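Just below is one structure, and these are the notes that go with it.
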Amino acid sequence: MTSTTYASFNNSLEQTPHGSVHCAVGVAGCPNGLMGSVPVAALDPVFYAHHTNIDRLYECWLKVNEPARLPNDSGHLNTQFSFIDADGSTATRRVSDMLRLSQLGYAYAVGGGCPATALVAQAEGMTMQGVTMSDASSDATRASAAASERAIASAGQTKLERGVTTVPMSVAAAGMQSLSATAEPLAGRRVRLVIDGLKYDVAPETLYNVYLVKGSTREQVGVINFFNFSAPTAGAHASHTGHANASQFEFDATDAVHRLGIGPTEQPSLVFEPTTGLSDSAPEAAAALIKPEANVRFDSARLVIAP
Ligand SMILES: [Cu+2]
């Protein structure tokens, strides 16, 4: 909910909770069962409760600052999707037809439990009165921000074990100075964890909780799931969102960095812990579900800070 642009919010929401819940509900994880497989997920009645909640979270996020947050990529807005209507006919709609609830003829009940917006306002550089300080940045500003993001820590090729995998990160001294208490505060800037080149030989049938670790404390930054994953065995899934590179996972780590108090002299680690995605999951039991030939691995992971 701390994302300030549609692209970053969409990326976060798509993975956790959207894809993670799909895989946690599906029998034997993803790509299996009904909920765990894109082409047939909607055959499970729980799909509609899940997707309604995803839609509600989008509405919660959008209404914090609708003018600045509505998607504005013309290619995306003009993309058309076709659906089968109740009478069997084909109904085609553009993305731009479905941006706001007012276009769709329904609303969520007042008091529907949107996540607290205090953190959102803080991350956005807004005052609690809602006066916009930094949310009106233009596309050009955002593009230059992305170009000048810098790595603060990274890890290379890593294999995820059938158990808990701990990965010490190499720190980039210059970047880490950004986390110094005497440096300009992080407020308004976000720290992202980007995992590139994630792949497997055989679907592991589990998810992985991803933690950022300092010493003996850890904070969760996201969940790796394989719902919308472009693996050789799951090629059809790539069309679900149209623009996602499923082998790259990106998580907002800003809150985790704050809560852990990671400073310029720390050497953070990443921990990947198998999970069924259910609340009673134990890492050992979830790890036992992973097929020995799964060989889940990634090319690199990096913590980056945007200016
Ligand atoms: Cu879905």
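Chain labels follow the order of the structure tokens: the first chain is A, the next B, and so on; residue numbering restarts at 1 in every chain, and ligands are counted from 1 in their shown order.
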
Please extract the residues at most 8 Å from ligand 1, counting only C-alpha atoms and all ligand atoms, and provide them as a PDB file with C-alpha atoms, in the first residue's frame, using the chain letters and residue numbers of this document.
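The result, written out as out_38.pdb:
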ATOM      1  CA  HIS A  18      -2.842 -12.149  -5.334  1.00  0.00           C
ATOM      2  CA  GLY A  19      -0.602 -14.936  -6.619  1.00  0.00           C
ATOM      3  CA  HIS A  22      -3.938 -18.555  -5.524  1.00  0.00           C
ATOM      4  CA  VAL A  38      -4.465 -19.532 -14.463  1.00  0.00           C
ATOM      5  CA  ALA A  41      -8.748 -20.798 -11.435  1.00  0.00           C
ATOM      6  CA  PHE A  47     -11.845 -17.295  -6.861  1.00  0.00           C
ATOM      7  CA  HIS A  50     -10.359 -13.622  -3.638  1.00  0.00           C
ATOM      8  CA  HIS A  51     -10.563 -11.403  -6.712  1.00  0.00           C
TER       9      HIS A  51
END

Separation of CA of Val27 in chain A and CA of Ile290 in chain A, in Å?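 One can read the CA of Val27 in chain A to CA of Ile290 in chain A distance as 13.5 Å.
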
CA of Asn72 in chain A to CA of Ala116 in chain A, straight-line distance in Å: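 CA of Asn72 in chain A lies at a distance of 25.4 Å from CA of Ala116 in chain A.
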
Pro292 in chain A: which residues within 9 Å, counting only C-alpha atoms, same-chain residues fewer than 5 positions away excluded, as a PyMOL selection string? chain A and resi 162+202+204

List the neighbours of Leu193 in chain A out to 7 Å using only C-alpha atoms; skip same-chain residues closer than 2 positions along the sequence, and give me the result as a PyMOL selection string. chain A and resi 191+195+250-253+301-304

Those same residues - N, CA and C atoms - I'd like them written as an mmCIF file, in the first residue's frame.
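The result, written out as part-v3.cif:
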data_model
loop_
_atom_site.group_PDB
_atom_site.id
_atom_site.type_symbol
_atom_site.label_atom_id
_atom_site.label_comp_id
_atom_site.auth_asym_id
_atom_site.auth_seq_id
_atom_site.Cartn_x
_atom_site.Cartn_y
_atom_site.Cartn_z
ATOM 1 N N VAL A 191 12.872 1.440 -0.754
ATOM 2 C CA VAL A 191 13.877 0.405 -0.950
ATOM 3 C C VAL A 191 13.161 -0.818 -1.514
ATOM 4 N N ILE A 195 14.588 -9.626 -7.375
ATOM 5 C CA ILE A 195 15.171 -10.952 -7.591
ATOM 6 C C ILE A 195 15.025 -11.279 -9.067
ATOM 7 N N GLU A 250 9.755 -8.604 -7.453
ATOM 8 C CA GLU A 250 10.152 -7.327 -6.871
ATOM 9 C C GLU A 250 9.274 -7.065 -5.657
ATOM 10 N N PHE A 251 9.912 -6.780 -4.529
ATOM 11 C CA PHE A 251 9.164 -6.535 -3.297
ATOM 12 C C PHE A 251 9.579 -5.189 -2.713
ATOM 13 N N ASP A 252 8.615 -4.512 -2.104
ATOM 14 C CA ASP A 252 8.917 -3.268 -1.401
ATOM 15 C C ASP A 252 9.505 -3.621 -0.030
ATOM 16 N N ALA A 253 10.747 -3.243 0.191
ATOM 17 C CA ALA A 253 11.438 -3.589 1.442
ATOM 18 C C ALA A 253 11.602 -2.379 2.348
ATOM 19 N N ALA A 301 19.998 -11.178 -6.652
ATOM 20 C CA ALA A 301 19.043 -10.437 -5.828
ATOM 21 C C ALA A 301 19.727 -9.142 -5.418
ATOM 22 N N ARG A 302 18.988 -8.056 -5.437
ATOM 23 C CA ARG A 302 19.625 -6.802 -5.030
ATOM 24 C C ARG A 302 18.621 -5.920 -4.299
ATOM 25 N N LEU A 303 19.136 -5.239 -3.294
ATOM 26 C CA LEU A 303 18.364 -4.200 -2.602
ATOM 27 C C LEU A 303 18.749 -2.890 -3.260
ATOM 28 N N VAL A 304 17.742 -2.174 -3.751
ATOM 29 C CA VAL A 304 18.035 -0.897 -4.413
ATOM 30 C C VAL A 304 17.233 0.205 -3.749
#
